[in-house]
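Shown next: entry21.cif, given as mmCIF, C-alpha atoms.
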data_start
#
loop_
_atom_site.label_atom_id
_atom_site.label_comp_id
_atom_site.auth_asym_id
_atom_site.auth_seq_id
_atom_site.Cartn_x
_atom_site.Cartn_y
_atom_site.Cartn_z
CA MET A 1 13.33 44.62 -6.46
CA ALA A 2 10.92 41.71 -6.50
CA GLU A 3 9.14 42.57 -9.74
CA ALA A 4 6.95 39.81 -11.07
CA LYS A 5 8.96 38.59 -14.02
CA ARG A 6 6.85 36.17 -16.02
CA ILE A 7 8.78 33.03 -16.76
CA GLU A 8 7.41 30.44 -19.14
CA ARG A 9 7.46 27.27 -17.06
CA PRO A 10 6.49 23.79 -18.23
CA LEU A 11 3.05 22.52 -17.19
CA SER A 12 2.85 20.19 -14.22
CA PRO A 13 2.06 16.59 -15.16
CA PHE A 14 -0.88 16.79 -12.75
CA MET A 15 -2.67 18.86 -15.36
CA PHE A 16 -2.92 15.75 -17.50
CA VAL A 17 -6.68 15.47 -17.13
CA GLN A 18 -7.16 18.77 -18.95
CA TYR A 19 -4.16 19.02 -21.26
CA TYR A 20 -2.78 15.56 -21.69
CA ARG A 21 -4.13 12.51 -23.41
CA LEU A 22 -4.15 9.84 -20.68
CA GLN A 23 -1.16 7.59 -21.09
CA LEU A 24 -0.84 3.95 -20.09
CA THR A 25 2.15 4.65 -17.85
CA ALA A 26 0.27 7.41 -16.00
CA VAL A 27 -2.91 5.36 -15.54
CA THR A 28 -1.05 2.26 -14.36
CA SER A 29 0.89 4.44 -11.93
CA VAL A 30 -2.13 6.20 -10.41
CA MET A 31 -3.82 2.80 -10.03
CA ILE A 32 -1.06 1.91 -7.55
CA ARG A 33 -2.31 4.75 -5.35
CA ILE A 34 -5.94 3.69 -5.72
CA THR A 35 -5.21 0.04 -4.89
CA GLY A 36 -2.93 1.09 -2.01
CA ASN A 37 -5.78 3.04 -0.43
CA ALA A 38 -8.42 0.42 -1.21
CA MET A 39 -6.40 -2.27 0.58
CA MET A 40 -7.00 -0.49 3.87
CA ALA A 41 -10.52 -1.93 3.83
CA ALA A 42 -8.91 -5.38 3.89
CA VAL A 43 -6.63 -4.34 6.78
CA PHE A 44 -9.68 -3.10 8.70
CA PHE A 45 -11.51 -6.42 8.34
CA LEU A 46 -8.33 -8.36 9.10
CA ILE A 47 -8.14 -6.46 12.40
CA VAL A 48 -11.84 -7.16 13.06
CA TRP A 49 -11.11 -10.86 12.42
CA LEU A 50 -8.06 -10.84 14.74
CA LEU A 51 -9.88 -9.02 17.55
CA ALA A 52 -12.81 -11.43 17.27
CA LEU A 53 -10.40 -14.37 17.39
CA ALA A 54 -8.83 -12.88 20.52
CA SER A 55 -12.16 -12.33 22.27
CA GLY A 56 -13.55 -15.88 22.02
CA PRO A 57 -15.64 -18.38 20.05
CA GLU A 58 -18.98 -16.51 20.17
CA ALA A 59 -17.73 -13.22 18.74
CA PHE A 60 -15.58 -15.13 16.27
CA GLU A 61 -18.42 -17.19 14.87
CA THR A 62 -20.49 -14.10 14.03
CA VAL A 63 -17.53 -12.32 12.46
CA GLU A 64 -16.44 -15.39 10.52
CA TRP A 65 -19.96 -15.89 9.18
CA TRP A 66 -19.89 -12.36 7.78
CA LEU A 67 -16.34 -12.47 6.49
CA THR A 68 -16.92 -15.71 4.58
CA SER A 69 -20.29 -14.68 3.11
CA PHE A 70 -20.72 -14.33 -0.65
CA ILE A 71 -20.34 -10.54 -0.58
CA PHE A 72 -17.10 -10.83 1.38
CA ASP A 73 -15.84 -13.52 -1.00
CA LEU A 74 -16.18 -10.94 -3.77
CA PHE A 75 -14.56 -8.36 -1.48
CA TRP A 76 -11.54 -10.60 -0.71
CA PHE A 77 -11.23 -11.45 -4.40
CA PHE A 78 -11.05 -7.76 -5.32
CA MET A 79 -8.65 -7.08 -2.44
CA LEU A 80 -6.42 -9.93 -3.59
CA TRP A 81 -6.29 -8.33 -7.02
CA ALA A 82 -5.49 -4.94 -5.42
CA VAL A 83 -2.61 -6.49 -3.45
CA TRP A 84 -1.12 -8.15 -6.55
CA TYR A 85 -1.57 -5.05 -8.68
CA HIS A 86 0.12 -2.90 -6.02
CA TYR A 87 2.82 -5.57 -5.70
CA LEU A 88 3.66 -5.65 -9.42
CA GLY A 89 3.30 -1.87 -9.74
CA GLY A 90 5.70 -1.42 -6.83
CA LEU A 91 8.22 -3.76 -8.44
CA ARG A 92 7.92 -1.70 -11.63
CA HIS A 93 8.73 1.46 -9.69
CA LEU A 94 11.72 -0.26 -8.08
CA ILE A 95 12.97 -1.00 -11.60
CA PHE A 96 12.36 2.63 -12.59
CA ASP A 97 14.16 3.85 -9.44
CA ALA A 98 17.16 1.76 -10.42
CA GLY A 99 17.24 3.80 -13.63
CA LYS A 100 16.16 0.91 -15.83
CA GLY A 101 13.14 0.28 -18.06
CA LEU A 102 12.49 3.98 -18.68
CA GLU A 103 12.36 3.72 -22.49
CA ILE A 104 8.74 4.33 -23.53
CA GLU A 105 8.32 0.89 -25.12
CA THR A 106 9.73 -0.97 -22.11
CA ALA A 107 7.79 1.20 -19.64
CA GLU A 108 4.51 0.48 -21.45
CA LYS A 109 5.31 -3.23 -21.60
CA LEU A 110 5.89 -3.20 -17.83
CA GLY A 111 2.52 -1.43 -17.42
CA TRP A 112 0.71 -4.20 -19.31
CA ILE A 113 2.53 -6.79 -17.21
CA CYS A 114 1.01 -5.13 -14.11
CA VAL A 115 -2.50 -5.18 -15.61
CA TYR A 116 -2.51 -8.79 -16.89
CA GLY A 117 -0.06 -10.16 -14.31
CA SER A 118 -2.23 -9.04 -11.40
CA VAL A 119 -5.25 -10.88 -12.80
CA VAL A 120 -3.21 -14.05 -13.41
CA LEU A 121 -1.69 -13.94 -9.90
CA THR A 122 -5.14 -13.37 -8.35
CA VAL A 123 -6.63 -16.40 -10.08
CA LEU A 124 -3.56 -18.50 -9.19
CA THR A 125 -3.82 -17.47 -5.52
CA VAL A 126 -7.51 -18.41 -5.40
CA ILE A 127 -6.69 -21.81 -6.93
CA VAL A 128 -3.79 -22.42 -4.50
CA ILE A 129 -5.78 -21.42 -1.41
CA TRP A 130 -9.06 -23.15 -2.31
CA LEU A 131 -7.62 -26.43 -3.60
CA MET B 1 34.29 34.25 2.07
CA HIS B 2 32.20 31.20 2.86
CA TYR B 3 33.98 27.95 3.41
CA GLN B 4 30.93 25.92 2.43
CA THR B 5 30.60 23.43 -0.36
CA ASP B 6 27.86 23.84 -2.96
CA ARG B 7 26.18 20.75 -1.58
CA LYS B 8 26.14 22.08 1.98
CA ARG B 9 24.49 25.32 0.80
CA ALA B 10 21.83 23.38 -1.13
CA VAL B 11 20.81 20.95 1.63
CA GLY B 12 17.34 21.70 3.00
CA LYS B 13 16.51 24.35 0.39
CA GLY B 14 14.37 22.10 -1.79
CA SER B 15 10.57 22.17 -1.65
CA ALA B 16 10.56 19.19 0.77
CA HIS B 17 13.10 20.92 3.10
CA SER B 18 14.76 17.59 3.72
CA GLY B 19 16.54 14.76 1.96
CA ALA B 20 15.45 11.54 0.35
CA GLU B 21 14.75 9.64 3.60
CA HIS B 22 11.03 9.45 2.88
CA HIS B 23 11.54 7.89 -0.54
CA TRP B 24 14.26 5.58 0.80
CA PHE B 25 11.87 4.38 3.53
CA MET B 26 9.31 3.52 0.84
CA ILE B 27 11.90 1.49 -1.08
CA VAL B 28 13.10 -0.41 2.00
CA SER B 29 9.58 -1.16 3.27
CA SER B 30 8.35 -2.16 -0.20
CA VAL B 31 11.15 -4.72 -0.59
CA ALA B 32 10.41 -6.06 2.91
CA LEU B 33 6.70 -6.38 2.07
CA ALA B 34 7.46 -7.98 -1.28
CA CYS B 35 9.33 -10.73 0.58
CA MET B 36 6.64 -11.25 3.25
CA ILE B 37 3.28 -10.79 1.48
CA PRO B 38 3.08 -14.00 -0.65
CA THR B 39 3.68 -16.26 2.38
CA TRP B 40 1.36 -14.19 4.55
CA ILE B 41 -1.47 -14.34 1.97
CA TYR B 42 -1.11 -18.13 1.93
CA ILE B 43 -1.31 -18.34 5.74
CA PHE B 44 -4.21 -15.89 6.16
CA GLY B 45 -6.07 -17.25 3.13
CA ASN B 46 -6.02 -20.73 4.65
CA ALA B 47 -6.91 -19.52 8.15
CA LEU B 48 -9.90 -17.43 7.04
CA GLY B 49 -13.01 -19.59 7.17
CA SER B 50 -11.30 -22.55 8.87
CA GLY B 51 -13.31 -22.20 12.09
CA TYR B 52 -12.44 -20.98 15.59
CA GLU B 53 -10.18 -23.84 16.74
CA ALA B 54 -8.14 -24.01 13.53
CA SER B 55 -7.77 -20.23 13.23
CA LEU B 56 -6.67 -20.00 16.86
CA ALA B 57 -4.18 -22.83 16.36
CA THR B 58 -2.70 -21.10 13.30
CA MET B 59 -2.43 -17.64 14.80
CA SER B 60 -0.91 -18.85 18.08
CA ARG B 61 2.01 -20.52 16.31
CA PRO B 62 5.14 -18.30 16.34
CA PHE B 63 5.74 -18.00 12.59
CA PRO B 64 2.22 -16.90 11.51
CA ALA B 65 1.93 -14.58 14.53
CA ILE B 66 5.30 -12.88 14.01
CA LEU B 67 4.79 -12.64 10.25
CA THR B 68 1.33 -11.09 10.73
CA ALA B 69 2.78 -8.57 13.20
CA LEU B 70 5.57 -7.64 10.79
CA VAL B 71 3.24 -7.35 7.79
CA LEU B 72 0.93 -5.15 9.86
CA ILE B 73 3.64 -2.81 11.21
CA VAL B 74 5.66 -2.47 7.99
CA GLY B 75 2.48 -2.37 5.88
CA MET B 76 0.81 0.39 7.88
CA LEU B 77 3.96 2.54 7.99
CA HIS B 78 4.32 2.01 4.23
CA PHE B 79 0.66 3.05 3.81
CA ASN B 80 1.09 6.08 6.07
CA LYS B 81 4.16 7.41 4.25
CA GLY B 82 2.93 6.48 0.78
CA GLY B 83 -0.46 8.02 1.47
CA ARG B 84 1.26 11.16 2.71
CA VAL B 85 3.00 11.63 -0.65
CA MET B 86 -0.39 11.28 -2.34
CA ILE B 87 -2.02 13.78 0.06
CA GLU B 88 0.80 16.27 -0.57
CA ASP B 89 0.33 15.88 -4.31
CA TYR B 90 -3.41 16.53 -4.39
CA THR B 91 -4.30 18.74 -1.40
CA GLN B 92 -3.13 21.90 0.37
CA GLY B 93 -3.45 23.80 3.65
CA THR B 94 -5.79 22.58 6.38
CA THR B 95 -7.22 19.75 4.26
CA ARG B 96 -3.70 18.42 3.79
CA LYS B 97 -2.90 18.63 7.50
CA LEU B 98 -6.14 16.95 8.57
CA LEU B 99 -5.73 14.17 6.01
CA ILE B 100 -2.15 13.49 7.15
CA MET B 101 -3.40 13.30 10.75
CA ALA B 102 -6.24 10.97 9.77
CA TYR B 103 -3.93 8.66 7.80
CA THR B 104 -1.41 8.58 10.65
CA GLY B 105 -4.11 7.94 13.24
CA PHE B 106 -5.66 5.12 11.20
CA SER B 107 -2.24 3.51 10.67
CA TYR B 108 -1.32 3.44 14.34
CA VAL B 109 -4.78 2.36 15.52
CA MET B 110 -4.61 -0.62 13.14
CA ILE B 111 -1.11 -1.51 14.41
CA ALA B 112 -2.13 -1.22 18.08
CA CYS B 113 -5.35 -3.24 17.68
CA GLY B 114 -3.62 -5.92 15.64
CA LEU B 115 -0.71 -6.32 18.07
CA PHE B 116 -3.11 -6.43 21.05
CA ALA B 117 -5.11 -9.20 19.39
CA LEU B 118 -1.99 -11.16 18.39
CA VAL B 119 -0.54 -10.97 21.90
CA LYS B 120 -3.84 -12.03 23.47
CA ILE B 121 -4.13 -14.95 21.04
CA ALA B 122 -0.53 -16.05 21.66
CA LEU B 123 -0.72 -15.96 25.48
#

Go through the file and emit its structure as structure tokens.
Amino acid sequence: MAEAKRIERPLSPFMFVQYYRLQLTAVTSVMIRITGNAMMAAVFFLIVWLLALASGPEAFETVEWWLTSFIFDLFWFFMLWAVWYHYLGGLRHLIFDAGKGLEIETAEKLGWICVYGSVVLTVLTVIVIWL
Amino acid sequence: MHYQTDRKRAVGKGSAHSGAEHHWFMIVSSVALACMIPTWIYIFGNALGSGYEASLATMSRPFPAILTALVLIVGMLHFNKGGRVMIEDYTQGTTRKLLIMAYTGFSYVMIACGLFALVKIAL
């Protein structure tokens, strides 16, 4: 009955590290996952900030000192970039889900928009918030 | 003779054993977040580093408080479900189950802590 009948199946795209040359569309897509996970560090420190704010001035001053230190300025800057990258990447996938922009040229153009657009939006946000 | 349509016979037989609800949730929550995040970044970015009194004043106003609560709830559910797709892509068996539990636990702890703080600040 259930004899093992070998069927030639196509390789899974997740084998791309071994068998595929990395493509822009694949890298820009997996970066959405990386930034999505990385942003949880920002959520954690947002919650620390909120809890400190809820518990009173003393706790808040310590937490605020840390969260506005130079290292955390770099951290927030990177997190801001992660948010904007995830944002643009998500919009790109909404376009894909609508069945549009799937031609290779357009898809790659959208990928570059995510890469450069996220940097531009990050710098713009820093300017808007700090000025 | 089966009086079933082809569609009826196919439902639930895919590898996910269910429909497209998961993906649809990601689309709905992503559009919601896309609308909320720019305003929220502006509010939080200005509040962070503004001192105790100013931060408290900002976060006790209705709009920033409600927006923060919404961003937190929708954001963490979006993270939980999106992360789950990633976990299911890269891991199997017990590792997969434990990671899904950890992601879910983290999501709900963040929501609960955030809402507690927001309520305490507002009252």

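Nearest residue to Glu88 of chain B, choosing from B:Ser15, B:Phe44, B:Gly75, B:Glu53 and counting all atoms listed in the file: B:Ser15.
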
Which residues of chain A come within 9 Å of chain B, and for each one, what is the closest pair of atoms and their distance in Å to one decimal, counting only C-alpha atoms, sorted by chain and residue number, as a tab-separated table?
residue	atom	partner	partner_atom	distance
A:Phe14	CA	B:Asp89	CA	8.6
A:Arg33	CA	B:Met86	CA	7.4
A:Gly36	CA	B:Phe79	CA	7.1
A:Asn37	CA	B:Gly83	CA	7.5
A:Met40	CA	B:Phe79	CA	8.4
A:Val43	CA	B:Met110	CA	7.6
A:Phe44	CA	B:Met110	CA	7.2
A:Leu46	CA	B:Gly114	CA	8.4
A:Ile47	CA	B:Gly114	CA	5.6
A:Val48	CA	B:Gly114	CA	8.7
A:Trp49	CA	B:Leu48	CA	8.6
A:Leu50	CA	B:Ala117	CA	5.7
A:Leu51	CA	B:Ala117	CA	5.1
A:Ala52	CA	B:Ala117	CA	8.3
A:Leu53	CA	B:Leu56	CA	6.8
A:Ala54	CA	B:Ile121	CA	5.2
A:Ser55	CA	B:Ala117	CA	8.2
A:Gly56	CA	B:Tyr52	CA	8.3
A:Pro57	CA	B:Tyr52	CA	6.1
A:Phe60	CA	B:Tyr52	CA	6.7
A:Glu61	CA	B:Tyr52	CA	7.1
A:Glu64	CA	B:Gly49	CA	6.4
A:Trp65	CA	B:Gly49	CA	8.1
A:Leu67	CA	B:Gly49	CA	7.9
A:Thr68	CA	B:Gly49	CA	6.1
A:Leu80	CA	B:Ile41	CA	8.7
A:Val83	CA	B:Ile37	CA	8.8
A:Tyr87	CA	B:Ala34	CA	6.8
A:Gly90	CA	B:Ser30	CA	7.2
A:Leu91	CA	B:Ala34	CA	8.3
A:Leu94	CA	B:Ile27	CA	7.2
A:Asp97	CA	B:Ile27	CA	9.0
A:Thr125	CA	B:Tyr42	CA	8.0
A:Val126	CA	B:Gly45	CA	8.7
A:Val128	CA	B:Tyr42	CA	8.2
A:Ile129	CA	B:Asn46	CA	6.1
A:Trp130	CA	B:Asn46	CA	8.0

Please give the centre and size of the box around segment 38-57 of chain A (axis-aligned, containing every atom listed in the file, 3 Å added per side), with values in Å to one decimal and written as JSON.
{"center_x": -11.0, "center_y": -9.0, "center_z": 10.5, "size_x": 15.2, "size_y": 24.8, "size_z": 29.5}

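Nearest residue to His93 of chain A, choosing from A:Ala38, A:Ala59, A:Leu110, A:Leu24 and counting all atoms listed in the file: A:Leu110.
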
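Atom CA of Ala98 of chain A is positioned 25.8 Å from atom CA of Val119 of chain A.
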
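With only C-alpha atoms as the basis for measurement, B:Cys35 is the residue among B:Cys35, B:His17, B:Arg7, B:Ala54 that approaches Val71 of chain B most closely.
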
Atom pair atom CA of Val123 of chain A / atom CA of Trp84 of chain A: separation (Å): 10.5 Å

Distance of atom CA of Leu88 of chain A from atom CA of Ile113 of chain A, expressed in Å to one decimal place: 8.0 Å
